[in-house]
Amino acid sequence: MTNKIKQFAALLAEAEMNRIGISPITAVDSELSVKEAYHIQLENIQNKVAQGQKIVGKKIGLTSLAMQNLLGVDEPDYGHLLDSMVVENGGALSIDRVLQPKVEGEIAFILKKELRGPNVTALDVLQATDYVVPALEIVDSRIKDWKIKLQDTVADNGSSSYFVLGGKPTKIENIDLELIGMVLTKNGELVNTGVGAAALGNPANCVAWLANRLAEFDISLKEGEVILSGALSAAVVAQAGDTFTARFAHIGQVSVHF
């Protein structure tokens with residue numbers, strides 16, 4: 001592990017601990033590669049695991065064409081989910097625990113068997129999935145003012161912070177993932193709508209992409225893990241006092257209060 005990777009990882013860890021955003025990493029090192037950024041992410045995840053936290057899943061970001069165009073990239077990214085990131089459905093998350101949070105509605109896959117790339121297909125994902133549930137991801141950035149490029153968000157664990165699982169466990173064969181509709185409300189007012197097809201055409205395609213991408217780092221998607229498959233609409237800024245609820249056709253709803 002190079003000193004550069006350790007130094008950037010330490011900067012991000014300090015920003016998370018102090019709740020103070022830092023300048024973009026890419027502004028400091030314009031030559032930083034995406035692969036190096038993933039190693040920065042892994043450095044901080046490994047440190048957290050060494051401190052007693054547990055990896056409970058993965059999250060996929062940048063699954064929509066609009067978000068990819070915004071950052072000038074042509075593929076999604078990912079981050080790790082830890083047990084310290086879990087918020088109970090309908091529970092509260094203090095705004096003091098985040099820097100500049102936004103909320104996204106997603107479909108979460110719960111796996112019943114391991115997926116290890118390369119060459120994982122969407123069909124493999126469906127066969128490996130125990131059930132799906134609605135989810136809210138609270139994304140956050142340790143980079144000041146969300147001024148991020150792909151390498152910045154990758155190094156920052158995919159700009160993840162917390163997540164909420166809700167609804168009812170639903171078997172994959174009972175639904176059409178592409179057609180599942182979602183309505184996201186903030187304080188009772190409609191702020192976004194989305195559909196499963198917004199995530200790379202089908203959320204299962206996102207999970208397959210993740211399994212294959214992780215193979216480059218000899219990481220698999222494990223039995224029992226939660227996989228957040230990507231936002232079905234744009235992220236919405238959250239402030240103290242806000243309540244968000246995402247309602248999904250056929251699989252229920254999920255909510256969180258700030």
# chains A, B, ... in the order shown; residues from 1 in each chain; ligands from 1
call {"tool": "residues_around", "arguments": {"residues": "A:Ala197", "least_positions_apart": "4", "cutoff": "6 Å", "atoms": "only C-alpha atoms", "output": "VMD selection string"}}
result
chain A and resid 178 201 to 202
call {"tool": "write_last_selection", "arguments": {"atoms": "C-alpha atoms", "output": "mmCIF file, in the first residue's frame"}}
result
data_model
loop_
_atom_site.group_PDB
_atom_site.id
_atom_site.type_symbol
_atom_site.label_atom_id
_atom_site.label_comp_id
_atom_site.auth_asym_id
_atom_site.auth_seq_id
_atom_site.Cartn_x
_atom_site.Cartn_y
_atom_site.Cartn_z
ATOM 1 C CA GLU A 178 -38.021 -3.347 -14.286
ATOM 2 C CA GLY A 201 -32.410 -1.127 -17.282
ATOM 3 C CA ASN A 202 -32.968 -3.550 -14.409
#
call {"tool": "residues_around", "arguments": {"residues": "stretch 236-241 of chain A", "least_positions_apart": "4", "cutoff": "10 Å", "atoms": "only C-alpha atoms", "output": "list in words"}}
result
Ala92, Leu93, Ser94, Ile95, Asp96, Gln100, Pro101, Lys102, Val103, Glu104, Gly105, Ile138, Val139, Asp140, Leu184, Thr185, Lys186, Asn187, Val191, Asn192, His257 and Phe258 of chain A
call {"tool": "select_by_dssp", "arguments": {"residues": "stretch 93-204 of chain A", "states": "helix (DSSP H, G or I)", "output": "PyMOL selection string"}}
result
chain A and resi 95-97+122-128+144-146+150-155+157-159+172-174+177-179+196-198+203-204
call {"tool": "select_by_dssp", "arguments": {"residues": "stretch 12-258 of chain A", "states": "strand (DSSP E)", "output": "ChimeraX atom specification"}}
result
/A:55-61,77-82,86-87,102-111,129-139,160-165,181-186,189-195,226-231,236-237,243-248,252-257
call {"tool": "closest_atom_pairs", "arguments": {"of": "stretch 2-89 of chain A", "to": "stretch 108-113 of chain A", "cutoff": "12 Å", "atoms": "only C-alpha atoms", "output": "CSV"}}
result
residue,atom,partner,partner_atom,distance
A:Val56,CA,A:Ile110,CA,10.3
A:Gly57,CA,A:Ile110,CA,8.9
A:Lys58,CA,A:Ala108,CA,9.9
A:Lys59,CA,A:Ala108,CA,9.0
A:Ile60,CA,A:Ala108,CA,10.3
call {"tool": "closest_residue", "arguments": {"among": "A:Thr243, A:Ser30, A:Ser84, A:Gln53", "to": "A:Val256", "atoms": "only C-alpha atoms"}}
result
A:Thr243
call {"tool": "closest_atom_pairs", "arguments": {"of": "stretch 76-194 of chain A", "to": "stretch 203-207 of chain A", "cutoff": "10 Å", "atoms": "only C-alpha atoms", "output": "CSV"}}
result
residue,atom,partner,partner_atom,distance
A:Pro76,CA,A:Cys206,CA,8.2
A:Asp77,CA,A:Cys206,CA,9.9
A:Glu106,CA,A:Pro203,CA,9.0
A:Ile107,CA,A:Pro203,CA,7.4
A:Ala108,CA,A:Pro203,CA,9.0
A:Phe109,CA,A:Val207,CA,8.4
A:Leu115,CA,A:Val207,CA,9.3
A:Val120,CA,A:Val207,CA,9.0
A:Thr121,CA,A:Asn205,CA,7.4
A:Ala122,CA,A:Asn205,CA,5.2
A:Leu123,CA,A:Ala204,CA,7.9
A:Asp124,CA,A:Ala204,CA,9.0
A:Val125,CA,A:Ala204,CA,6.1
A:Leu126,CA,A:Ala204,CA,6.9
A:Thr129,CA,A:Ala204,CA,9.5
A:Leu177,CA,A:Pro203,CA,6.8
A:Glu178,CA,A:Pro203,CA,7.3
call {"tool": "write_last_selection", "arguments": {"atoms": "N, CA and C atoms", "output": "PDB file, in the first residue's frame"}}
result
ATOM      1  N   PRO A  76     -21.002   2.554 -13.305  1.00  0.00           N
ATOM      2  CA  PRO A  76     -21.355   2.865 -11.919  1.00  0.00           C
ATOM      3  C   PRO A  76     -20.135   2.829 -11.005  1.00  0.00           C
ATOM      4  N   ASP A  77     -20.368   3.031  -9.713  1.00  0.00           N
ATOM      5  CA  ASP A  77     -19.332   2.827  -8.710  1.00  0.00           C
ATOM      6  C   ASP A  77     -19.950   2.073  -7.540  1.00  0.00           C
ATOM      7  N   GLU A 106     -34.293   3.143  -3.247  1.00  0.00           N
ATOM      8  CA  GLU A 106     -33.655   2.057  -3.981  1.00  0.00           C
ATOM      9  C   GLU A 106     -34.332   0.723  -3.672  1.00  0.00           C
ATOM     10  N   ILE A 107     -34.027  -0.272  -4.476  1.00  0.00           N
ATOM     11  CA  ILE A 107     -34.435  -1.656  -4.202  1.00  0.00           C
ATOM     12  C   ILE A 107     -33.219  -2.394  -3.654  1.00  0.00           C
ATOM     13  N   ALA A 108     -33.387  -3.029  -2.499  1.00  0.00           N
ATOM     14  CA  ALA A 108     -32.297  -3.775  -1.873  1.00  0.00           C
ATOM     15  C   ALA A 108     -32.477  -5.271  -2.119  1.00  0.00           C
ATOM     16  N   PHE A 109     -31.390  -5.921  -2.508  1.00  0.00           N
ATOM     17  CA  PHE A 109     -31.364  -7.366  -2.706  1.00  0.00           C
ATOM     18  C   PHE A 109     -30.726  -8.009  -1.476  1.00  0.00           C
ATOM     19  N   LEU A 115     -22.148 -14.567  -4.797  1.00  0.00           N
ATOM     20  CA  LEU A 115     -21.933 -14.209  -6.201  1.00  0.00           C
ATOM     21  C   LEU A 115     -20.479 -13.765  -6.350  1.00  0.00           C
ATOM     22  N   VAL A 120     -20.638 -12.939 -14.028  1.00  0.00           N
ATOM     23  CA  VAL A 120     -21.941 -13.032 -13.375  1.00  0.00           C
ATOM     24  C   VAL A 120     -22.980 -12.331 -14.253  1.00  0.00           C
ATOM     25  N   THR A 121     -24.126 -12.971 -14.451  1.00  0.00           N
ATOM     26  CA  THR A 121     -25.208 -12.404 -15.264  1.00  0.00           C
ATOM     27  C   THR A 121     -26.383 -11.970 -14.378  1.00  0.00           C
ATOM     28  N   ALA A 122     -27.321 -11.234 -14.970  1.00  0.00           N
ATOM     29  CA  ALA A 122     -28.519 -10.843 -14.234  1.00  0.00           C
ATOM     30  C   ALA A 122     -29.303 -12.074 -13.786  1.00  0.00           C
ATOM     31  N   LEU A 123     -29.312 -13.130 -14.606  1.00  0.00           N
ATOM     32  CA  LEU A 123     -29.986 -14.369 -14.227  1.00  0.00           C
ATOM     33  C   LEU A 123     -29.326 -14.985 -12.995  1.00  0.00           C
ATOM     34  N   ASP A 124     -27.999 -14.953 -12.946  1.00  0.00           N
ATOM     35  CA  ASP A 124     -27.291 -15.447 -11.761  1.00  0.00           C
ATOM     36  C   ASP A 124     -27.726 -14.677 -10.518  1.00  0.00           C
ATOM     37  N   VAL A 125     -27.891 -13.372 -10.679  1.00  0.00           N
ATOM     38  CA  VAL A 125     -28.312 -12.522  -9.555  1.00  0.00           C
ATOM     39  C   VAL A 125     -29.691 -12.941  -9.059  1.00  0.00           C
ATOM     40  N   LEU A 126     -30.615 -13.127  -9.977  1.00  0.00           N
ATOM     41  CA  LEU A 126     -31.969 -13.521  -9.594  1.00  0.00           C
ATOM     42  C   LEU A 126     -31.960 -14.857  -8.857  1.00  0.00           C
ATOM     43  N   THR A 129     -30.662 -14.466  -5.244  1.00  0.00           N
ATOM     44  CA  THR A 129     -31.385 -13.528  -4.367  1.00  0.00           C
ATOM     45  C   THR A 129     -32.435 -14.258  -3.535  1.00  0.00           C
ATOM     46  N   LEU A 177     -38.991  -6.569 -11.728  1.00  0.00           N
ATOM     47  CA  LEU A 177     -38.070  -5.559 -11.206  1.00  0.00           C
ATOM     48  C   LEU A 177     -38.016  -4.314 -12.079  1.00  0.00           C
ATOM     49  N   GLU A 178     -38.113  -4.492 -13.380  1.00  0.00           N
ATOM     50  CA  GLU A 178     -38.021  -3.347 -14.286  1.00  0.00           C
ATOM     51  C   GLU A 178     -39.193  -2.390 -14.118  1.00  0.00           C
TER      52      GLU A 178
END
call {"tool": "decode", "arguments": {"residues": "stretch 87-98 of chain A", "atoms": "N, CA and C atoms", "output": "short mmCIF file (atom, residue, chain, number, x, y, z; two decimals), in the first residue's frame"}}
result
data_model
loop_
_atom_site.label_atom_id
_atom_site.label_comp_id
_atom_site.auth_asym_id
_atom_site.auth_seq_id
_atom_site.Cartn_x
_atom_site.Cartn_y
_atom_site.Cartn_z
N VAL A 87 -29.98 2.09 9.94
CA VAL A 87 -31.00 2.85 10.66
C VAL A 87 -32.30 2.05 10.54
N GLU A 88 -33.02 1.91 11.63
CA GLU A 88 -34.26 1.14 11.62
C GLU A 88 -35.33 1.86 10.79
N ASN A 89 -36.17 1.06 10.14
CA ASN A 89 -37.28 1.62 9.37
C ASN A 89 -38.17 2.47 10.27
N GLY A 90 -38.42 3.71 9.85
CA GLY A 90 -39.20 4.64 10.64
C GLY A 90 -38.43 5.30 11.75
N GLY A 91 -37.15 5.01 11.82
CA GLY A 91 -36.31 5.55 12.88
C GLY A 91 -35.80 6.95 12.58
N ALA A 92 -35.02 7.48 13.51
CA ALA A 92 -34.49 8.84 13.39
C ALA A 92 -32.97 8.80 13.22
N LEU A 93 -32.47 9.70 12.42
CA LEU A 93 -31.04 9.88 12.24
C LEU A 93 -30.72 11.33 12.53
N SER A 94 -29.92 11.55 13.56
CA SER A 94 -29.56 12.92 13.92
C SER A 94 -28.75 13.58 12.82
N ILE A 95 -29.12 14.80 12.49
CA ILE A 95 -28.41 15.54 11.45
C ILE A 95 -26.96 15.79 11.87
N ASP A 96 -26.68 15.69 13.16
CA ASP A 96 -25.32 15.89 13.66
C ASP A 96 -24.39 14.75 13.28
N ARG A 97 -24.95 13.64 12.79
CA ARG A 97 -24.13 12.48 12.44
C ARG A 97 -23.71 12.48 10.98
N VAL A 98 -24.13 13.50 10.24
CA VAL A 98 -23.81 13.59 8.82
C VAL A 98 -23.33 15.00 8.48
#
